[in-house]
Structure formats: C-alpha cells, structure tokens
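Dropping upload.cif in here (mmCIF, C-alpha atoms):
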```cif
data_run
#
loop_
_atom_site.label_atom_id
_atom_site.label_comp_id
_atom_site.auth_asym_id
_atom_site.auth_seq_id
_atom_site.Cartn_x
_atom_site.Cartn_y
_atom_site.Cartn_z
CA MET A 1 -67.77 -88.78 32.40
CA THR A 2 -66.33 -85.31 32.68
CA ASP A 3 -69.07 -84.47 35.15
CA ASP A 4 -67.37 -86.85 37.55
CA VAL A 5 -64.11 -85.04 37.08
CA LYS A 6 -65.72 -81.69 37.64
CA ARG A 7 -67.60 -82.86 40.70
CA TYR A 8 -64.47 -84.27 42.27
CA PHE A 9 -62.43 -81.14 41.70
CA THR A 10 -65.31 -78.89 42.75
CA ASN A 11 -65.43 -80.76 46.04
CA LEU A 12 -61.72 -80.13 46.45
CA LEU A 13 -62.20 -76.47 45.65
CA GLN A 14 -64.88 -76.14 48.32
CA LYS A 15 -62.67 -77.72 50.95
CA VAL A 16 -60.44 -74.65 51.09
CA SER A 17 -62.04 -71.32 51.76
CA GLY A 18 -60.73 -68.51 49.60
CA LEU A 19 -59.64 -70.80 46.78
CA PHE A 20 -60.73 -69.40 43.41
CA CYS A 21 -59.72 -72.04 40.93
CA ILE A 22 -57.85 -75.25 40.32
CA LEU A 23 -56.19 -75.74 36.96
CA VAL A 24 -54.51 -78.79 35.52
CA THR A 25 -52.57 -77.86 32.39
CA ASP A 26 -49.76 -79.21 30.29
CA ARG A 27 -46.42 -77.44 30.37
CA ASP A 28 -47.51 -74.94 27.70
CA GLY A 29 -50.56 -73.89 29.68
CA VAL A 30 -53.16 -75.78 27.65
CA PRO A 31 -55.86 -76.64 30.18
CA LEU A 32 -56.99 -80.22 30.77
CA ILE A 33 -59.19 -79.43 33.74
CA ARG A 34 -60.30 -76.08 35.04
CA ILE A 35 -62.60 -75.66 38.01
CA ASP A 36 -63.69 -72.17 39.04
CA ASN A 37 -65.45 -70.98 42.11
CA LYS A 38 -68.83 -69.90 40.78
CA THR A 39 -69.26 -67.11 43.28
CA ILE A 40 -66.26 -65.20 42.04
CA GLU A 41 -65.77 -63.64 38.64
CA ASP A 42 -63.50 -65.46 36.22
CA ILE A 43 -59.83 -64.86 36.63
CA ASP A 44 -57.79 -64.39 33.48
CA LEU A 45 -54.50 -66.17 33.82
CA PRO A 46 -51.90 -65.27 31.20
CA PRO A 47 -50.55 -68.31 29.30
CA SER A 48 -47.02 -67.18 30.08
CA LEU A 49 -47.74 -67.99 33.74
CA PHE A 50 -47.52 -71.69 32.96
CA SER A 51 -44.68 -71.77 30.50
CA THR A 52 -42.65 -69.51 32.79
CA PHE A 53 -43.33 -71.81 35.71
CA ALA A 54 -42.24 -74.82 33.65
CA LEU A 55 -38.93 -73.11 32.89
CA ALA A 56 -38.51 -71.74 36.41
CA THR A 57 -39.05 -75.10 38.05
CA ASP A 58 -36.51 -76.68 35.68
CA GLN A 59 -33.94 -74.03 36.48
CA ALA A 60 -34.63 -74.16 40.22
CA GLY A 61 -33.93 -77.87 40.11
CA LYS A 62 -30.33 -77.09 39.22
CA LEU A 63 -29.58 -75.32 42.49
CA GLY A 64 -28.37 -78.54 44.04
CA LEU A 65 -31.30 -78.80 46.44
CA GLY A 66 -33.09 -81.56 44.59
CA LYS A 67 -36.05 -81.41 42.28
CA ASN A 68 -38.26 -78.36 42.61
CA LYS A 69 -41.79 -79.43 43.51
CA THR A 70 -43.86 -76.35 44.25
CA ILE A 71 -43.58 -72.63 43.66
CA ILE A 72 -45.79 -70.35 45.75
CA SER A 73 -46.22 -66.80 44.50
CA MET A 74 -47.84 -64.20 46.73
CA TYR A 75 -49.33 -61.16 45.02
CA SER A 76 -51.16 -58.21 46.50
CA ASN A 77 -54.56 -59.63 45.50
CA TYR A 78 -53.90 -63.29 44.84
CA GLN A 79 -51.73 -66.18 45.77
CA ILE A 80 -50.76 -68.75 43.18
CA VAL A 81 -49.51 -72.21 44.11
CA GLN A 82 -48.06 -74.16 41.22
CA MET A 83 -47.06 -77.77 41.53
CA ASN A 84 -44.54 -79.49 39.32
CA LYS A 85 -46.19 -82.67 38.12
CA LEU A 86 -44.54 -82.58 34.73
CA PRO A 87 -45.70 -83.12 32.08
CA LEU A 88 -48.58 -81.57 34.01
CA ILE A 89 -48.74 -78.36 35.99
CA VAL A 90 -51.30 -78.03 38.76
CA THR A 91 -52.15 -74.42 39.57
CA PHE A 92 -54.20 -73.16 42.49
CA VAL A 93 -55.34 -69.56 42.61
CA GLY A 94 -56.64 -68.17 45.88
CA THR A 95 -57.02 -64.99 47.86
CA GLU A 96 -53.90 -63.50 49.34
CA ASN A 97 -54.93 -64.62 52.83
CA CYS A 98 -56.13 -68.09 51.82
CA ASN A 99 -54.60 -70.87 53.91
CA THR A 100 -51.60 -72.02 51.89
CA GLY A 101 -51.19 -75.14 54.01
CA HIS A 102 -54.68 -76.24 53.11
CA ILE A 103 -53.90 -75.82 49.42
CA LEU A 104 -50.70 -77.83 49.74
CA ALA A 105 -52.61 -80.56 51.57
CA LEU A 106 -54.81 -81.05 48.49
CA GLU A 107 -51.79 -82.45 46.67
CA LYS A 108 -52.26 -85.86 48.28
CA SER A 109 -55.84 -86.21 47.14
CA ILE A 110 -55.00 -85.11 43.61
CA ASP A 111 -52.00 -87.37 43.05
CA GLY A 112 -54.06 -90.51 42.42
CA TYR A 113 -55.96 -88.81 39.61
CA LEU A 114 -52.98 -87.11 38.01
CA ASP A 115 -51.37 -90.37 36.91
CA GLU A 116 -54.37 -91.07 34.70
CA ILE A 117 -54.58 -87.52 33.43
CA LYS A 118 -50.89 -87.62 32.53
CA LEU A 119 -51.60 -90.36 30.02
CA ALA A 120 -53.72 -87.94 27.99
CA VAL A 121 -50.70 -85.67 27.60
CA THR A 122 -47.99 -88.25 27.09
CA GLU A 123 -49.85 -90.25 24.49
CA SER A 124 -50.63 -87.26 22.32
CA MET B 125 53.05 -88.27 41.91
CA GLU B 126 50.28 -90.77 41.42
CA TYR B 127 48.81 -89.70 44.66
CA LEU B 128 48.83 -86.03 43.58
CA ARG B 129 47.14 -86.87 40.24
CA SER B 130 44.39 -88.79 41.94
CA ALA B 131 43.86 -85.93 44.37
CA PHE B 132 43.67 -83.48 41.44
CA ASN B 133 41.10 -85.65 39.67
CA CYS B 134 39.11 -85.84 42.79
CA LEU B 135 39.15 -82.05 43.09
CA ALA B 136 38.11 -81.66 39.45
CA ASN B 137 35.18 -84.00 39.99
CA LEU B 138 34.17 -82.00 43.00
CA CYS B 139 34.31 -78.77 41.02
CA SER B 140 32.26 -80.21 38.23
CA CYS B 141 29.72 -81.32 40.80
CA LEU B 142 29.64 -77.81 42.24
CA ASP B 143 29.17 -76.40 38.75
CA CYS B 144 26.34 -78.78 38.23
CA SER B 145 24.63 -77.67 41.39
CA GLU B 146 25.15 -74.02 40.45
CA ASP B 147 23.62 -74.69 37.07
CA SER B 148 20.61 -76.31 38.52
CA SER B 149 20.09 -73.58 41.08
CA GLY B 150 21.17 -70.41 39.25
CA GLN B 151 20.34 -71.13 35.64
CA GLY B 152 17.68 -73.73 36.30
CA TYR B 153 15.06 -72.07 34.14
CA GLU B 154 17.23 -72.00 31.03
CA PRO B 155 16.94 -75.25 29.16
CA ASN B 156 20.19 -77.08 28.76
CA GLU B 157 21.26 -80.66 28.41
CA ARG B 158 20.71 -81.31 32.11
CA THR B 159 17.23 -79.91 32.59
CA HIS B 160 14.44 -82.46 32.70
CA LEU B 161 12.17 -82.61 29.73
CA LEU B 162 9.15 -83.32 31.93
CA VAL B 163 9.59 -80.97 34.87
CA ASP B 164 6.04 -79.96 35.30
CA PRO B 165 3.86 -82.90 36.29
CA VAL B 166 0.88 -81.17 34.66
CA SER B 167 2.49 -81.63 31.29
CA ASN B 168 2.16 -85.35 31.87
CA SER B 169 -1.58 -85.06 31.60
CA PRO B 170 -2.89 -86.44 28.35
CA ALA B 171 -4.77 -83.26 27.53
CA LEU B 172 -1.59 -81.18 27.31
CA ARG B 173 0.47 -83.87 25.70
CA ARG B 174 -2.11 -84.09 23.02
CA THR B 175 -1.84 -80.40 22.24
CA ASN B 176 1.93 -80.40 22.45
CA SER B 177 2.84 -83.40 20.41
CA GLU B 178 1.51 -83.52 16.94
CA SER B 179 2.35 -87.16 16.52
CA PHE B 180 0.20 -88.08 19.48
CA SER B 181 -2.79 -86.21 18.14
CA ASN B 182 -2.37 -87.98 14.85
CA GLU B 183 -2.24 -91.30 16.62
CA TYR B 184 -5.27 -90.35 18.65
CA SER B 185 -7.29 -89.35 15.63
CA GLN B 186 -6.37 -92.60 13.98
CA SER B 187 -7.33 -94.67 17.00
CA LEU B 188 -10.64 -92.85 17.57
CA PRO B 189 -12.92 -92.02 14.67
CA LYS B 190 -13.54 -88.32 14.26
CA LYS B 191 -17.27 -88.79 14.51
CA ASP B 192 -17.02 -90.28 17.99
CA GLU B 193 -14.86 -87.41 19.11
CA GLN B 194 -17.42 -84.96 17.83
CA THR B 195 -20.30 -86.70 19.56
CA ALA B 196 -18.34 -86.89 22.81
CA LEU B 197 -17.64 -83.18 22.55
CA ASN B 198 -21.28 -82.46 21.83
CA ARG B 199 -22.29 -84.51 24.83
CA ILE B 200 -19.99 -82.54 27.08
CA ILE B 201 -21.41 -79.27 25.72
CA GLN B 202 -24.94 -80.55 26.18
CA ASP B 203 -24.31 -81.68 29.76
CA THR B 204 -22.79 -78.33 30.60
CA ALA B 205 -25.70 -76.47 29.03
CA ILE B 206 -28.16 -78.57 31.01
CA ASN B 207 -26.45 -77.78 34.30
CA ILE B 208 -26.16 -74.05 33.70
CA ILE B 209 -28.90 -71.90 35.20
CA ASP B 210 -29.61 -69.57 32.32
CA VAL B 211 -32.16 -67.01 33.39
CA ALA B 212 -31.57 -64.77 30.39
CA ALA B 213 -32.74 -67.48 28.00
CA MET B 214 -36.05 -67.85 29.79
CA ASP B 215 -38.21 -66.17 27.19
CA SER B 216 -41.35 -68.22 27.04
CA HIS B 217 -42.79 -69.18 23.69
CA ASN B 218 -46.51 -68.82 23.25
CA LEU B 219 -48.63 -71.32 21.38
CA GLU B 220 -50.52 -70.40 18.25
CA PRO B 221 -54.26 -70.06 18.95
CA GLN B 222 -55.05 -72.80 16.45
CA GLU B 223 -52.67 -75.28 18.09
CA TYR B 224 -53.99 -74.27 21.49
CA HIS B 225 -57.58 -75.09 20.55
CA ASP B 226 -56.56 -78.33 18.85
CA ARG B 227 -54.80 -79.46 21.98
CA VAL B 228 -57.73 -78.48 24.19
CA LYS B 229 -60.03 -80.65 22.05
CA LEU B 230 -57.57 -83.54 22.01
CA TYR B 231 -57.14 -83.49 25.79
CA TYR B 232 -60.89 -83.31 26.29
CA GLN B 233 -61.44 -86.41 24.17
CA LYS B 234 -58.61 -88.32 25.81
CA LEU B 235 -59.86 -87.46 29.28
CA GLN B 236 -63.33 -88.64 28.45
CA GLN B 237 -61.92 -91.96 27.33
CA GLN B 238 -59.61 -92.39 30.25
CA TRP B 239 -61.72 -91.22 33.11
CA SER B 240 -63.62 -94.50 33.15
CA ASN B 241 -60.38 -96.27 34.01
CA VAL B 242 -59.60 -94.05 36.97
CA GLN B 243 -59.85 -95.78 40.29
CA HIS B 244 -62.12 -93.43 42.15
CA PRO B 245 -61.38 -93.18 45.83
CA SER B 246 -64.44 -94.08 47.86
CA ASN B 247 -66.65 -91.11 48.55
CA SER B 248 -68.22 -92.64 51.63
CA PRO B 249 -67.41 -90.70 54.81
CA THR B 250 -64.73 -92.35 56.88
CA GLY B 251 -65.81 -90.76 60.14
CA LEU B 252 -68.53 -88.72 61.76
CA LEU B 253 -66.40 -85.59 61.66
CA ARG B 254 -66.17 -83.89 58.31
CA ASP B 255 -64.05 -81.11 56.89
CA ILE B 256 -65.85 -77.79 56.90
CA PRO B 257 -64.18 -75.16 54.73
CA ASN B 258 -65.32 -72.11 56.66
CA PRO B 259 -66.72 -72.85 60.12
CA GLU B 260 -67.62 -69.19 60.67
CA LEU B 261 -70.70 -69.65 58.49
CA PHE B 262 -72.01 -72.45 60.66
CA LEU B 263 -71.03 -70.83 63.93
CA THR B 264 -72.67 -67.52 63.08
CA ALA B 265 -75.88 -69.09 61.71
CA SER B 266 -79.09 -67.80 63.32
CA PRO B 267 -80.33 -69.91 66.27
CA ILE B 268 -83.46 -72.05 66.00
CA SER B 269 -86.86 -70.43 66.65
CA ALA B 270 -88.51 -70.44 70.12
CA PRO B 271 -91.50 -72.70 69.18
CA ASP B 272 -89.06 -75.28 67.74
CA LEU B 273 -87.02 -75.15 70.91
CA SER B 274 -90.10 -75.63 73.13
CA LEU B 275 -91.24 -78.52 70.94
CA ILE B 276 -87.86 -80.20 71.28
CA LYS B 277 -87.86 -79.58 75.04
CA SER B 278 -91.33 -81.02 75.55
CA ALA B 279 -90.50 -84.03 73.37
CA VAL B 280 -87.33 -84.67 75.33
CA ASP B 281 -89.18 -84.32 78.64
CA ARG B 282 -91.82 -86.78 77.56
CA ALA B 283 -89.18 -89.18 76.36
CA LYS B 284 -87.45 -88.86 79.72
CA LEU B 285 -90.69 -89.59 81.59
CA ALA B 286 -91.37 -92.56 79.36
CA LEU B 287 -87.88 -93.90 80.04
CA GLU B 288 -88.35 -93.52 83.79
CA ASP B 289 -91.63 -95.43 83.60
CA ILE B 290 -90.00 -98.48 82.15
CA LYS B 291 -90.12 -101.23 84.76
CA ILE B 292 -89.21 -104.88 84.62
CA GLU B 293 -91.99 -107.25 85.59
CA HIS B 294 -90.44 -110.54 86.48
CA LYS B 295 -92.79 -113.45 86.08
CA GLU B 296 -90.34 -116.28 86.55
CA ASP B 297 -87.57 -116.86 89.05
CA LEU B 298 -84.33 -115.18 88.21
CA ILE B 299 -82.30 -118.28 89.17
CA VAL B 300 -83.29 -121.27 87.15
CA PRO B 301 -81.92 -124.56 88.48
CA PHE B 302 -80.69 -126.87 85.80
CA ASN B 303 -81.18 -130.60 85.98
CA ILE B 304 -77.45 -131.32 85.99
CA HIS B 305 -77.30 -131.77 89.76
CA ASP B 306 -80.14 -134.31 89.70
CA SER B 307 -78.56 -136.29 86.92
CA THR B 308 -75.21 -136.50 88.70
CA GLN B 309 -76.96 -137.55 91.86
CA SER B 310 -78.84 -140.23 89.97
CA ASN B 311 -75.51 -141.40 88.52
CA PHE B 312 -74.05 -141.69 91.99
CA THR B 313 -77.03 -143.56 93.30
CA SER B 314 -76.93 -146.01 90.45
#
```

If you convert what's in this file into structure tokens, what do you get?
Amino acid sequence: MTDDVKRYFTNLLQKVSGLFCILVTDRDGVPLIRIDNKTIEDIDLPPSLFSTFALATDQAGKLGLGKNKTIISMYSNYQIVQMNKLPLIVTFVGTENCNTGHILALEKSIDGYLDEIKLAVTES
Amino acid sequence: MEYLRSAFNCLANLCSCLDCSEDSSGQGYEPNERTHLLVDPVSNSPALRRTNSESFSNEYSQSLPKKDEQTALNRIIQDTAINIIDVAAMDSHNLEPQEYHDRVKLYYQKLQQQWSNVQHPSNSPTGLLRDIPNPELFLTASPISAPDLSLIKSAVDRAKLALEDIKIEHKEDLIVPFNIHDSTQSNFTS
C-alpha cells in the first residue's frame, strides 16, 4: 500500500528538476510521508523548521491579508517551500535555483491526496 | 410709582440674567447649583457610569451572575490574545523522542489503512506530450549511430518505393447503374 504512496510522490519529485525532497508532516514535524531524491545525500531538516513554520503561518495570518498559505524561504544552498495544509505541513526542499513555480504547481496534484492523509492526523 | 417699580423689577431680572451668563462663562468650571450634572456626553456611557456609581454596579452584579461576567472578560482577553502578533512568544517546543517515534508508527499504520480508500487519479497519459523535468538531458543525448541511420534511410526509401508502386486495378465499372430507373419506367408503362 505504501509503495503506491511512495511511487506517486516519487513521480512528483521527478517532475521538478533540482527538487531534493517532499515531506508531509504534522504541525510538530512528525513525518507522514517523506520522499527523497536518491541521487542526492540525505538532508537533515531540524524539527524546529516545522513547528516554527506552523507558528509563523498562524501569526502571518493575522496581518489582515487573509490566511497565509505558503512560505518560501531562500537560503544560500537550498530553497524551502512550505505549504499550510494544517493540520498538515507540506515541505519541499530544492536547490537554490530550482524552479519555484514548478514546485508551487505541484500543490494541485497533491491536494486530492492530502484530504485522506489528514484523516490519519485528525483521528489520532 | 407702579410704573417705576415694574421698571426696577425688570432691571433686576436683567441683572440676574447677566449674572447668570457671567457665571456660566467665567466660573463655568466650578460646580455650583446651575452647572449640569451630565456635561460630558462621555460620562453617559455605561462603562463610566458603572465605575462612578456604586449603586449601579451593585445592580449590575445582581442582574448578571459574576460567573458570566468572568467568562465574558476571559473571552475578551482570549480574543485579544488571538489577534495579537506575538513574535517574542514564538519559542517552539520540541517533541520527546519517544512521543515522536510513537506518532511515526501510528501515522504509518493509519496511512496503510487509509490509502486503499484514496481515489487515485488515473495514471494514463492524457496526451502525447509529456512533462520532462530536465529537457537538457534529452537534447544533449548522443546522436544515433551511422549504421542505424543508414538502415532507417534504406527502410524508408523502400517503403516509399513500395507506396509509389501501389496501383488500383479496376475490374468493374466505376459507375454502377441501379435498377431504380427501370422500375419507375415499368411503373409508368403499367
């Protein structure tokens, strides 16, 4: 069963060049799905990355501009796109020159699956 | 005499009126019997009246149970706290390793159960064109070898010759007369 999940997300990962990994976690950073690009060494993501995002997206929603949906962070070696799908957080890690628009376009294809994955978090 | 008295009274009234106006203009800020009790419209607001008059607050506390007041107050505090952007309080709490692993296991089990219910989008290609993540790889791939190319060329040439050789041999007439005309004629003759 989980092979299907992995295959689907691996296909997504391969659609965008320069994308290292896709992570679906709960708001504390506990991973539900993690797909890594095999050709690149594992990236260690600190757990605070997720909990900080959860807080930051909550706070950013109070600016009077509506709900915060995505936070894109550009670093010197990586770019991290985090999507607010609370109670889930979807995180994409890519190279600094990876096409951000391509990553954002993946949101549509993920949405259908996230509703089912959310149940795993909400029921527990 | 009567006339004089009335005139005097009139003057006295006028003076008193002048005094009154002086009072209101010059000593208006000192409270006396003529100053209004409710000068400031703000003091009409229930919030201030409540603080000013003890009797009112007593009445209020009697009319509303203290518990409700407390909950209303708490709600206001809560709403305010929700709307405040508090960056200083953003210290993230980290999960205990044990809880982390428990949750990972739990999610894994749940996902395995639920994935069968997921409506998988069809994987069949919708068109001939497909997304290619990095076209450079395909564009910079080495060209096909010379023998392969000559084989393809010769095959194509032979196919072309074969196509040119195709001819239609007509054995029957292209226009086939139907028997409708004859039948109509026979109808007319009958």

Closest-contact table, chain B side, partner chain A, 6 Å, counting only C-alpha atoms, as JSON lines:
```
{"residue": "B:Ile209", "atom": "CA", "partner": "A:Gln59", "partner_atom": "CA", "distance": 5.6}
{"residue": "B:Ser216", "atom": "CA", "partner": "A:Ser51", "partner_atom": "CA", "distance": 6.0}
{"residue": "B:Tyr231", "atom": "CA", "partner": "A:Leu32", "partner_atom": "CA", "distance": 6.0}
{"residue": "B:Lys234", "atom": "CA", "partner": "A:Ala120", "partner_atom": "CA", "distance": 5.4}
{"residue": "B:Gln236", "atom": "CA", "partner": "A:Met1", "partner_atom": "CA", "distance": 5.9}
{"residue": "B:Pro257", "atom": "CA", "partner": "A:Lys15", "partner_atom": "CA", "distance": 4.8}
{"residue": "B:Asn258", "atom": "CA", "partner": "A:Ser17", "partner_atom": "CA", "distance": 5.9}
```

(message) Please enumerate the residues selected by the PyMOL selection byres ((chain A and resi 71-82) around 7) when evaluated against the supplied file, formatted as an NGL selection string.
(response) :A and (70 or 83-84 or 89-96)

(message) Using Å and a single decimal, report how far atom CA of B:Ser266 sits from atom CA of B:Ala279.
(response) 22.2 Å

(request) Work out how far apart atom CA of A:Lys69 and atom CA of A:Thr57 are and give it in Å to one decimal. (result)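 Interatomic distance, atom CA of A:Lys69 to atom CA of A:Thr57: 7.5 Å.
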
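Among the candidate residues A:Asn99, A:Pro46, A:Ile35, A:Val24, the one lying nearest to A:Asp111 is A:Val24, with distances computed using all atoms listed in the file.
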
Completion step: stretch 29-40 of chain A with all heavy atoms as a tab-separated table (two decimals), in the frame of the given file:
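After the write, out_25.tsv holds the following:
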```
chain	number	residue	atom	x	y	z
A	29	GLY	N	-49.41	-74.63	29.15
A	29	GLY	CA	-50.56	-73.89	29.68
A	29	GLY	C	-51.88	-74.27	29.06
A	29	GLY	O	-52.88	-73.60	29.28
A	30	VAL	N	-51.90	-75.32	28.24
A	30	VAL	CA	-53.16	-75.78	27.65
A	30	VAL	C	-53.94	-76.54	28.72
A	30	VAL	O	-53.45	-77.52	29.26
A	30	VAL	CB	-52.91	-76.70	26.43
A	30	VAL	CG1	-54.22	-77.14	25.83
A	30	VAL	CG2	-52.05	-76.01	25.40
A	31	PRO	N	-55.15	-76.05	29.04
A	31	PRO	CA	-55.86	-76.64	30.18
A	31	PRO	C	-56.45	-78.02	29.88
A	31	PRO	O	-56.99	-78.24	28.80
A	31	PRO	CB	-56.98	-75.64	30.46
A	31	PRO	CG	-57.19	-74.93	29.17
A	31	PRO	CD	-55.90	-74.93	28.44
A	32	LEU	N	-56.32	-78.93	30.83
A	32	LEU	CA	-56.99	-80.22	30.77
A	32	LEU	C	-58.23	-80.17	31.65
A	32	LEU	O	-59.29	-80.67	31.28
A	32	LEU	CB	-56.07	-81.34	31.24
A	32	LEU	CG	-55.03	-81.79	30.21
A	32	LEU	CD1	-53.68	-81.18	30.49
A	32	LEU	CD2	-54.91	-83.30	30.24
A	33	ILE	N	-58.06	-79.58	32.81
A	33	ILE	CA	-59.19	-79.43	33.74
A	33	ILE	C	-59.12	-78.03	34.33
A	33	ILE	O	-58.03	-77.58	34.74
A	33	ILE	CB	-59.10	-80.50	34.86
A	33	ILE	CG1	-59.29	-81.90	34.29
A	33	ILE	CG2	-60.13	-80.22	35.95
A	33	ILE	CD1	-58.90	-82.99	35.24
A	34	ARG	N	-60.24	-77.38	34.37
A	34	ARG	CA	-60.30	-76.08	35.04
A	34	ARG	C	-61.58	-76.01	35.84
A	34	ARG	O	-62.67	-76.17	35.30
A	34	ARG	CB	-60.23	-74.94	34.03
A	34	ARG	CG	-60.36	-73.59	34.73
A	34	ARG	CD	-60.17	-72.40	33.85
A	34	ARG	NE	-60.35	-71.22	34.68
A	34	ARG	CZ	-59.74	-70.07	34.50
A	34	ARG	NH1	-58.89	-69.92	33.51
A	34	ARG	NH2	-59.96	-69.04	35.28
A	35	ILE	N	-61.45	-75.78	37.13
A	35	ILE	CA	-62.60	-75.66	38.01
A	35	ILE	C	-62.56	-74.28	38.65
A	35	ILE	O	-61.56	-73.92	39.29
A	35	ILE	CB	-62.58	-76.75	39.11
A	35	ILE	CG1	-62.46	-78.15	38.50
A	35	ILE	CG2	-63.80	-76.64	39.99
A	35	ILE	CD1	-63.64	-78.61	37.69
A	36	ASP	N	-63.64	-73.52	38.46
A	36	ASP	CA	-63.69	-72.17	39.04
A	36	ASP	C	-64.72	-72.12	40.14
A	36	ASP	O	-65.71	-72.86	40.12
A	36	ASP	CB	-64.07	-71.16	37.95
A	36	ASP	CG	-62.91	-70.88	37.02
A	36	ASP	OD1	-62.05	-70.10	37.42
A	36	ASP	OD2	-62.88	-71.48	35.93
A	37	ASN	N	-64.46	-71.24	41.08
A	37	ASN	CA	-65.45	-70.98	42.11
A	37	ASN	C	-66.52	-70.09	41.50
A	37	ASN	O	-66.23	-69.00	41.02
A	37	ASN	CB	-64.78	-70.29	43.30
A	37	ASN	CG	-65.64	-70.33	44.52
A	37	ASN	OD1	-66.87	-70.42	44.41
A	37	ASN	ND2	-65.03	-70.26	45.68
A	38	LYS	N	-67.76	-70.60	41.50
A	38	LYS	CA	-68.83	-69.90	40.78
A	38	LYS	C	-69.13	-68.50	41.35
A	38	LYS	O	-69.60	-67.62	40.65
A	38	LYS	CB	-70.12	-70.73	40.84
A	38	LYS	CG	-70.02	-72.05	40.11
A	38	LYS	CD	-70.19	-71.86	38.62
A	38	LYS	CE	-70.33	-73.14	37.86
A	38	LYS	NZ	-69.41	-74.20	38.15
A	39	THR	N	-68.88	-68.36	42.64
A	39	THR	CA	-69.26	-67.11	43.28
A	39	THR	C	-68.34	-65.94	42.92
A	39	THR	O	-68.65	-64.80	43.21
A	39	THR	CB	-69.27	-67.27	44.80
A	39	THR	OG1	-67.99	-67.77	45.21
A	39	THR	CG2	-70.36	-68.24	45.24
A	40	ILE	N	-67.22	-66.26	42.34
A	40	ILE	CA	-66.26	-65.20	42.04
A	40	ILE	C	-66.09	-65.08	40.53
A	40	ILE	O	-66.16	-66.07	39.81
A	40	ILE	CB	-64.90	-65.52	42.72
A	40	ILE	CG1	-65.09	-65.52	44.24
A	40	ILE	CG2	-63.84	-64.51	42.35
A	40	ILE	CD1	-64.32	-66.55	44.93
```
